[in-house]
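Visitor: The structure's right below; bear with me while I get my questions together.
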Amino acid sequence: MQTQAQPQDKEIQAETEIEVRDLEIRYGAVAAVGPVSFSVPKGKQLTLLGPSGCGKSTTLRAIAGLEKPAAGVIKIGDRNMYSSAENLNIPAEDRGLSMVFQSYAIWPHMTVYDNVAYGLKVRRKNREEIDAGVKRALALVQMEAYASRPASQLSGGQQQRVALARACAFSPEVLLFDEPLSNLDAKLRGDMRIELRELQHSLGVTSIYVTHDLEEALAMSDCIVVMNKGRIEQSGTPYEIYNYPRTAFVADFVGSSNLISGTVREDLSSGNDVVIETQGGELIHGNTHGRKRGSQATLSVRTVHLQLSSQRPAGDRNVWQVTIARSVFLGDLSEIHVEWGGRKLIIRRSALDRMEEGQQVFLSVDPNRCVLLEDDAPAA
Ligand code: ADP
């Protein structure tokens with residue numbers, strides 16, 4: 001799989017714990033996923049990110065052993081768990097992993113203690129081992145005080161903590177999370193995100209996390225795999241994915257971007273500097289960040305990287321005079337629309353500094369923030 005090598009990538013050199021190679025999953029004749037390939041280093045968290053229906057859960061369930069793939073290899077540690085070539089498909093319970101679901105899947109009629117003990121009992125641990133395992137797991141999620149309470153008498157956040165404790169109780173090598181926070185309210189989701197990240201670090205467990213929530217993915221992951229229609233669009237660190245989107249899809253899904261297409265002005269471009277002339281006749285300077293360029297190109301410019309000012313900024317590259325067409329107050333931010341080169345550009349900026357519709361201002365952007373999309377990426 002192609003990724004842009006960035007300095008932030010250095011840490012992804014640890015020993016591989018999970019490897020997914022050329023994995024394909026079908027439902028009847030319909031190809032739901034694949035082929036996809038990615039790997040997770042030991043102790044790291046990888047997130048599968050993408051819109052609903054792109055194949056994230058199906059991929060995760062195949063790794064868990066809950067879905068039988070059509071082709072490829074799934075390796076955990078040094079063991080193949082699934083291999084189409086070897087006709088091998090190890091059952092879920094023998095894969096040494098644990099899964100946390102969106103729906104919690106805890107038993108309401110059982111106490112917190114019994115819910116957490118369940119996984120240890122089915123693994124035939126003795127009483128002392130079960131007791132020690134439950135106490136350790138409940139302490140991890142700060143739920144020791146609730147051990148004897150029926151699970152039905154817990155809040156959503158507490159239930160999700162119990163589900164987490166249950167998943168951690170038998171010290172699995174690998175933890176899989178399928179949108180575990182999506183049933184919680186926004187505030188609790190933000191808190192649990194941090195708790196989960198800390199838990200994953202302190203356990204040193206290798207994990208794969210599925211979400212459609214961009215912020216969750218950026219905040220929690222060592223590596224993000226962006227999926228679209230069953231395929232991988234890009235994989236890399238959160239920093240890379242956000243700053244150097246490879247395709248129009250990633251640029252748009254991972255934060256909001258303006259996609260600016262045009263003809264490359266070879267006479268003005270050299271090295272990593274690329275200048276594009278739009279259909280409307282505007283020239284915009286961008287940076288290839290080492291990517292190949294053709295004669296037509298698309299630049300991704302994040303809405304938060306475009307600057308507006310009433311005074312002309314210094315420099316003459318990427319500075320234009322524009323009129324504010326629309327200004328929408330969004331609380332922390334304002335979304336401003338301007339007409340530029342016969343099209344609309346969207347700018348997000350602090351709402352403190354108000355700009356009125358009809359006002360003439362200067363629009364500018366650092367050329368390094370105008371990122372060339374890859375040549376083979378779908379056109380904007
Ligand atoms: P995501 O987790 O990204 O929302 P899924 O992995 O659940 O997506 O689904 C991927 C694709 O597979 C979708 O097109 C979905 O409709 C299809 N799919 C998922 N589960 C089944 C199933 N049990 N039977 C048939 N099609 C399915």
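Numbering starts fresh at 1 for the residues of each chain in the structure tokens, the chains themselves are lettered A, B, ... in the order given, and ligands are numbered from 1 as they appear.
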Write out as JSON lines the residues of chain A that have any atom within 8 Å of an atom of ligand 1, one row each with the nearest atom pair and its distance in Å to one decimal, counting only C-alpha atoms and all ligand atoms, sorted by chain and then rising number.
Guide:
```
{"residue": "A:Arg26", "atom": "CA", "partner": "ligand 1", "partner_atom_place_in_ligand_line": "12 (O)", "distance": 7.8}
{"residue": "A:Tyr27", "atom": "CA", "partner": "ligand 1", "partner_atom_place_in_ligand_line": "25 (C)", "distance": 5.0}
{"residue": "A:Gly28", "atom": "CA", "partner": "ligand 1", "partner_atom_place_in_ligand_line": "25 (C)", "distance": 7.5}
{"residue": "A:Val30", "atom": "CA", "partner": "ligand 1", "partner_atom_place_in_ligand_line": "26 (N)", "distance": 7.6}
{"residue": "A:Ala31", "atom": "CA", "partner": "ligand 1", "partner_atom_place_in_ligand_line": "12 (O)", "distance": 7.7}
{"residue": "A:Ala32", "atom": "CA", "partner": "ligand 1", "partner_atom_place_in_ligand_line": "12 (O)", "distance": 4.4}
{"residue": "A:Val33", "atom": "CA", "partner": "ligand 1", "partner_atom_place_in_ligand_line": "10 (C)", "distance": 6.8}
{"residue": "A:Leu49", "atom": "CA", "partner": "ligand 1", "partner_atom_place_in_ligand_line": "3 (O)", "distance": 7.9}
{"residue": "A:Gly50", "atom": "CA", "partner": "ligand 1", "partner_atom_place_in_ligand_line": "3 (O)", "distance": 6.2}
{"residue": "A:Pro51", "atom": "CA", "partner": "ligand 1", "partner_atom_place_in_ligand_line": "3 (O)", "distance": 6.0}
{"residue": "A:Ser52", "atom": "CA", "partner": "ligand 1", "partner_atom_place_in_ligand_line": "4 (O)", "distance": 3.6}
{"residue": "A:Gly53", "atom": "CA", "partner": "ligand 1", "partner_atom_place_in_ligand_line": "8 (O)", "distance": 3.4}
{"residue": "A:Cys54", "atom": "CA", "partner": "ligand 1", "partner_atom_place_in_ligand_line": "3 (O)", "distance": 3.8}
{"residue": "A:Gly55", "atom": "CA", "partner": "ligand 1", "partner_atom_place_in_ligand_line": "6 (O)", "distance": 3.2}
{"residue": "A:Lys56", "atom": "CA", "partner": "ligand 1", "partner_atom_place_in_ligand_line": "3 (O)", "distance": 3.9}
{"residue": "A:Ser57", "atom": "CA", "partner": "ligand 1", "partner_atom_place_in_ligand_line": "2 (O)", "distance": 3.6}
{"residue": "A:Thr58", "atom": "CA", "partner": "ligand 1", "partner_atom_place_in_ligand_line": "6 (O)", "distance": 3.6}
{"residue": "A:Thr59", "atom": "CA", "partner": "ligand 1", "partner_atom_place_in_ligand_line": "6 (O)", "distance": 6.4}
{"residue": "A:Leu60", "atom": "CA", "partner": "ligand 1", "partner_atom_place_in_ligand_line": "6 (O)", "distance": 8.0}
{"residue": "A:Val210", "atom": "CA", "partner": "ligand 1", "partner_atom_place_in_ligand_line": "2 (O)", "distance": 7.4}
{"residue": "A:Thr211", "atom": "CA", "partner": "ligand 1", "partner_atom_place_in_ligand_line": "2 (O)", "distance": 8.0}
{"residue": "A:His212", "atom": "CA", "partner": "ligand 1", "partner_atom_place_in_ligand_line": "3 (O)", "distance": 7.7}
{"residue": "A:Met227", "atom": "CA", "partner": "ligand 1", "partner_atom_place_in_ligand_line": "3 (O)", "distance": 7.8}
{"residue": "A:Lys229", "atom": "CA", "partner": "ligand 1", "partner_atom_place_in_ligand_line": "14 (O)", "distance": 7.7}
{"residue": "A:Gly230", "atom": "CA", "partner": "ligand 1", "partner_atom_place_in_ligand_line": "10 (C)", "distance": 6.8}
```
Visitor: Find the residues around segment 345-355 of chain A up to 6 Å (only C-alpha atoms counted), leave out those fewer than 6 positions away in its own chain, and share them as a ChimeraX atom specification.
Guide: /A:303-304,306,332-338
Visitor: Kindly export the residues of the current selection with N, CA, C and O atoms, as a compact mmCIF listing (two decimals), in the first residue's frame.
Guide:
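Writing the result to result11.txt gives the following:
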```
# COMPACT_ATOMS: atom_id res chain seq x y z
N THR A 303 -10.16 24.45 4.75
CA THR A 303 -10.94 25.67 4.99
C THR A 303 -10.30 26.52 6.09
O THR A 303 -10.43 27.74 6.07
N VAL A 304 -9.60 25.87 7.05
CA VAL A 304 -9.01 26.64 8.15
C VAL A 304 -7.66 27.24 7.77
O VAL A 304 -7.09 28.02 8.54
N LEU A 306 -7.09 28.93 4.85
CA LEU A 306 -7.27 30.16 4.07
C LEU A 306 -7.42 31.33 5.05
O LEU A 306 -8.13 31.23 6.05
N ASP A 332 -17.92 28.62 17.83
CA ASP A 332 -16.48 28.87 17.92
C ASP A 332 -15.94 29.44 16.62
O ASP A 332 -14.99 30.20 16.61
N LEU A 333 -16.54 29.02 15.52
CA LEU A 333 -16.04 29.38 14.19
C LEU A 333 -17.11 30.10 13.39
O LEU A 333 -18.30 29.96 13.66
N SER A 334 -16.64 30.85 12.38
CA SER A 334 -17.55 31.34 11.35
C SER A 334 -17.17 30.67 10.04
O SER A 334 -15.99 30.44 9.78
N GLU A 335 -18.18 30.36 9.23
CA GLU A 335 -17.88 29.84 7.89
C GLU A 335 -18.17 30.96 6.90
O GLU A 335 -19.27 31.50 6.87
N ILE A 336 -17.14 31.30 6.13
CA ILE A 336 -17.26 32.43 5.20
C ILE A 336 -17.15 31.90 3.78
O ILE A 336 -16.27 31.06 3.49
N HIS A 337 -18.05 32.35 2.92
CA HIS A 337 -17.97 31.98 1.50
C HIS A 337 -17.50 33.20 0.73
O HIS A 337 -18.01 34.29 0.95
N VAL A 338 -16.53 32.98 -0.18
CA VAL A 338 -16.11 34.07 -1.06
C VAL A 338 -16.15 33.58 -2.50
O VAL A 338 -16.00 32.39 -2.77
```
Visitor: Which one of A:Glu282, A:Asp191, A:Gln158, A:Glu129 sits closest to Met143 of chain A if you count only C-alpha atoms?
Guide: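 Under the stated criterion, the closest residue is A:Gln158.
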Visitor: Based on DSSP run over this structure's backbone, return all residues of segment 239-324 of chain A in strand (DSSP E or B), as a ChimeraX atom specification.
Guide: /A:257-264,270,273-277,283-287,296-302,307-309,319-324
Visitor: Which polymer residues have any atom within 10 Å of an atom of Ala325 of chain A, counting only C-alpha atoms, with same-chain residues fewer than 2 positions away left out, as a VMD selection string?
Guide: chain A and resid 322 to 323 327 336 to 339 344 to 345 356 to 360
Visitor: Hey, can you spit out that residue selection with N, CA and C atoms as a CSV table (one decimal), in the first residue's frame?
Guide:
```csv
chain,number,residue,atom,x,y,z
A,322,VAL,N,-11.0,39.8,-2.6
A,322,VAL,CA,-12.3,39.1,-2.8
A,322,VAL,C,-13.4,39.8,-2.0
A,323,THR,N,-14.6,39.4,-2.3
A,323,THR,CA,-15.8,40.0,-1.6
A,323,THR,C,-16.5,38.8,-0.8
A,327,SER,N,-21.6,34.8,5.3
A,327,SER,CA,-20.9,34.6,6.6
A,327,SER,C,-21.9,33.9,7.5
A,336,ILE,N,-17.1,31.3,6.1
A,336,ILE,CA,-17.3,32.4,5.2
A,336,ILE,C,-17.2,31.9,3.8
A,337,HIS,N,-18.0,32.4,2.9
A,337,HIS,CA,-18.0,32.0,1.5
A,337,HIS,C,-17.5,33.2,0.7
A,338,VAL,N,-16.5,33.0,-0.2
A,338,VAL,CA,-16.1,34.1,-1.1
A,338,VAL,C,-16.1,33.6,-2.5
A,339,GLU,N,-16.4,34.5,-3.4
A,339,GLU,CA,-16.3,34.2,-4.8
A,339,GLU,C,-14.8,34.3,-5.2
A,344,LYS,N,-16.8,29.2,-5.7
A,344,LYS,CA,-16.9,29.6,-4.3
A,344,LYS,C,-15.8,28.9,-3.5
A,345,LEU,N,-15.2,29.6,-2.6
A,345,LEU,CA,-14.2,29.0,-1.7
A,345,LEU,C,-14.8,29.1,-0.3
A,356,GLU,N,-18.5,41.1,7.4
A,356,GLU,CA,-19.8,41.3,6.9
A,356,GLU,C,-20.0,40.9,5.5
A,357,GLU,N,-21.1,40.4,5.1
A,357,GLU,CA,-21.4,40.1,3.7
A,357,GLU,C,-21.2,41.4,2.9
A,358,GLY,N,-20.6,41.3,1.7
A,358,GLY,CA,-20.4,42.4,0.8
A,358,GLY,C,-19.1,43.1,1.1
A,359,GLN,N,-18.4,42.8,2.2
A,359,GLN,CA,-17.1,43.5,2.6
A,359,GLN,C,-16.0,43.0,1.6
A,360,GLN,N,-15.2,43.9,1.2
A,360,GLN,CA,-14.0,43.6,0.4
A,360,GLN,C,-12.8,43.3,1.3
```
Visitor: Quick one: residues within 6 Å of Ala71 of chain A, only C-alpha atoms, excluding same-chain residues fewer than 6 positions away - as a PyMOL selection string?
Guide: chain A and resi 23-24+84
Visitor: Take the selection from the previous step and output its residues with all heavy atoms, as an mmCIF file, in the first residue's frame.
Guide:
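Heads up, here's the output in selection-v6.cif:
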```
data_model
loop_
_atom_site.group_PDB
_atom_site.id
_atom_site.type_symbol
_atom_site.label_atom_id
_atom_site.label_comp_id
_atom_site.auth_asym_id
_atom_site.auth_seq_id
_atom_site.Cartn_x
_atom_site.Cartn_y
_atom_site.Cartn_z
ATOM 1 N N LEU A 23 -6.873 -9.057 1.832
ATOM 2 C CA LEU A 23 -8.118 -9.601 2.387
ATOM 3 C C LEU A 23 -9.313 -9.208 1.526
ATOM 4 O O LEU A 23 -9.482 -8.041 1.177
ATOM 5 C CB LEU A 23 -8.312 -9.060 3.808
ATOM 6 C CG LEU A 23 -9.504 -9.608 4.572
ATOM 7 C CD1 LEU A 23 -9.274 -11.067 4.959
ATOM 8 C CD2 LEU A 23 -9.758 -8.775 5.824
ATOM 9 N N GLU A 24 -10.134 -10.221 1.206
ATOM 10 C CA GLU A 24 -11.371 -9.954 0.459
ATOM 11 C C GLU A 24 -12.526 -10.618 1.188
ATOM 12 O O GLU A 24 -12.412 -11.757 1.635
ATOM 13 C CB GLU A 24 -11.272 -10.549 -0.954
ATOM 14 C CG GLU A 24 -10.322 -9.801 -1.849
ATOM 15 C CD GLU A 24 -10.294 -10.395 -3.256
ATOM 16 O OE1 GLU A 24 -11.376 -10.562 -3.852
ATOM 17 O OE2 GLU A 24 -9.186 -10.719 -3.715
ATOM 18 N N SER A 84 -6.527 -18.161 3.033
ATOM 19 C CA SER A 84 -7.294 -18.853 1.985
ATOM 20 C C SER A 84 -6.412 -19.909 1.327
ATOM 21 O O SER A 84 -6.874 -21.016 1.031
ATOM 22 C CB SER A 84 -7.831 -17.851 0.961
ATOM 23 O OG SER A 84 -6.818 -16.993 0.518
#
```
Visitor: State, in Å with one decimal place, the distance from atom CA of Lys187 of chain A to atom CA of Val174 of chain A.
Guide: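 That distance, rounded to one decimal, is 27.4 Å.
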Visitor: I'd like the contact shell of Gln234 of chain A - 8 Å cut-off, only C-alpha atoms, skipping same-chain residues fewer than 3 positions apart - returned as a VMD selection string.
Guide: chain A and resid 2 to 3 225 to 227 241 245 to 247 250
Visitor: Only C-alpha atoms, please: the residues just picked out, written as a compact mmCIF listing (two decimals), in the first residue's frame.
Guide:
```
# COMPACT_ATOMS: atom_id res chain seq x y z
CA GLN A 2 1.27 3.45 -0.88
CA THR A 3 1.80 5.97 1.87
CA VAL A 225 -6.59 3.59 7.50
CA VAL A 226 -9.18 5.58 5.54
CA MET A 227 -11.65 3.28 3.75
CA ILE A 241 -3.70 11.85 6.84
CA PRO A 245 -4.44 13.80 1.94
CA ARG A 246 -3.73 11.60 -1.07
CA THR A 247 -7.13 11.70 -2.74
CA VAL A 250 -9.60 11.80 1.99
```
Visitor: Compile the contact shell of Pro108 of chain A as a list in words: residues with an atom at most 12 Å away, counting only C-alpha atoms, same-chain residues fewer than 6 positions apart removed.
Guide: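 With the cut-off at 12 Å, the set is Asp114, Asn115, Arg149, Pro150, Ala151, Ser152, Gln153, Leu154, Ser155, Gly156, Gln159, Val162 and Ala163 of chain A.
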Visitor: Find the residues near Ser309 of chain A: any atom within 7 Å, counting only C-alpha atoms, skip ones fewer than 3 places away on the same chain, and give them as an NGL selection string.
Guide: :A and (312 or 361-363)
Visitor: For Gly271 of chain A, which residue among A:Gly157, A:Gly133, A:Gly286, A:Gly315 is the nearest when counting only C-alpha atoms?
Guide: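 Among A:Gly157, A:Gly133, A:Gly286, A:Gly315, it is A:Gly286 that comes nearest to Gly271 of chain A.
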Visitor: Could you tell me how far atom CA of Ala70 of chain A lies from atom CA of Leu48 of chain A, in Å and to one decimal?
Guide: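 Atom-to-atom, atom CA of Ala70 of chain A and atom CA of Leu48 of chain A are spaced 19.9 Å apart.
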Visitor: Just asking: which residues within segment 48-290 of chain A are helix (DSSP H, G or I) according to DSSP, as an NGL selection string?
Guide: :A and (56-64 or 92-94 or 112-122 or 127-140 or 144-146 or 151-153 or 156-168 or 186-203 or 214-220 or 238-243 or 248-253)
Visitor: For the atom pair atom CA of Gly72 of chain A and atom CA of Arg95 of chain A, what is the interatomic distance in Å to one decimal place?
Guide: 16.9 Å
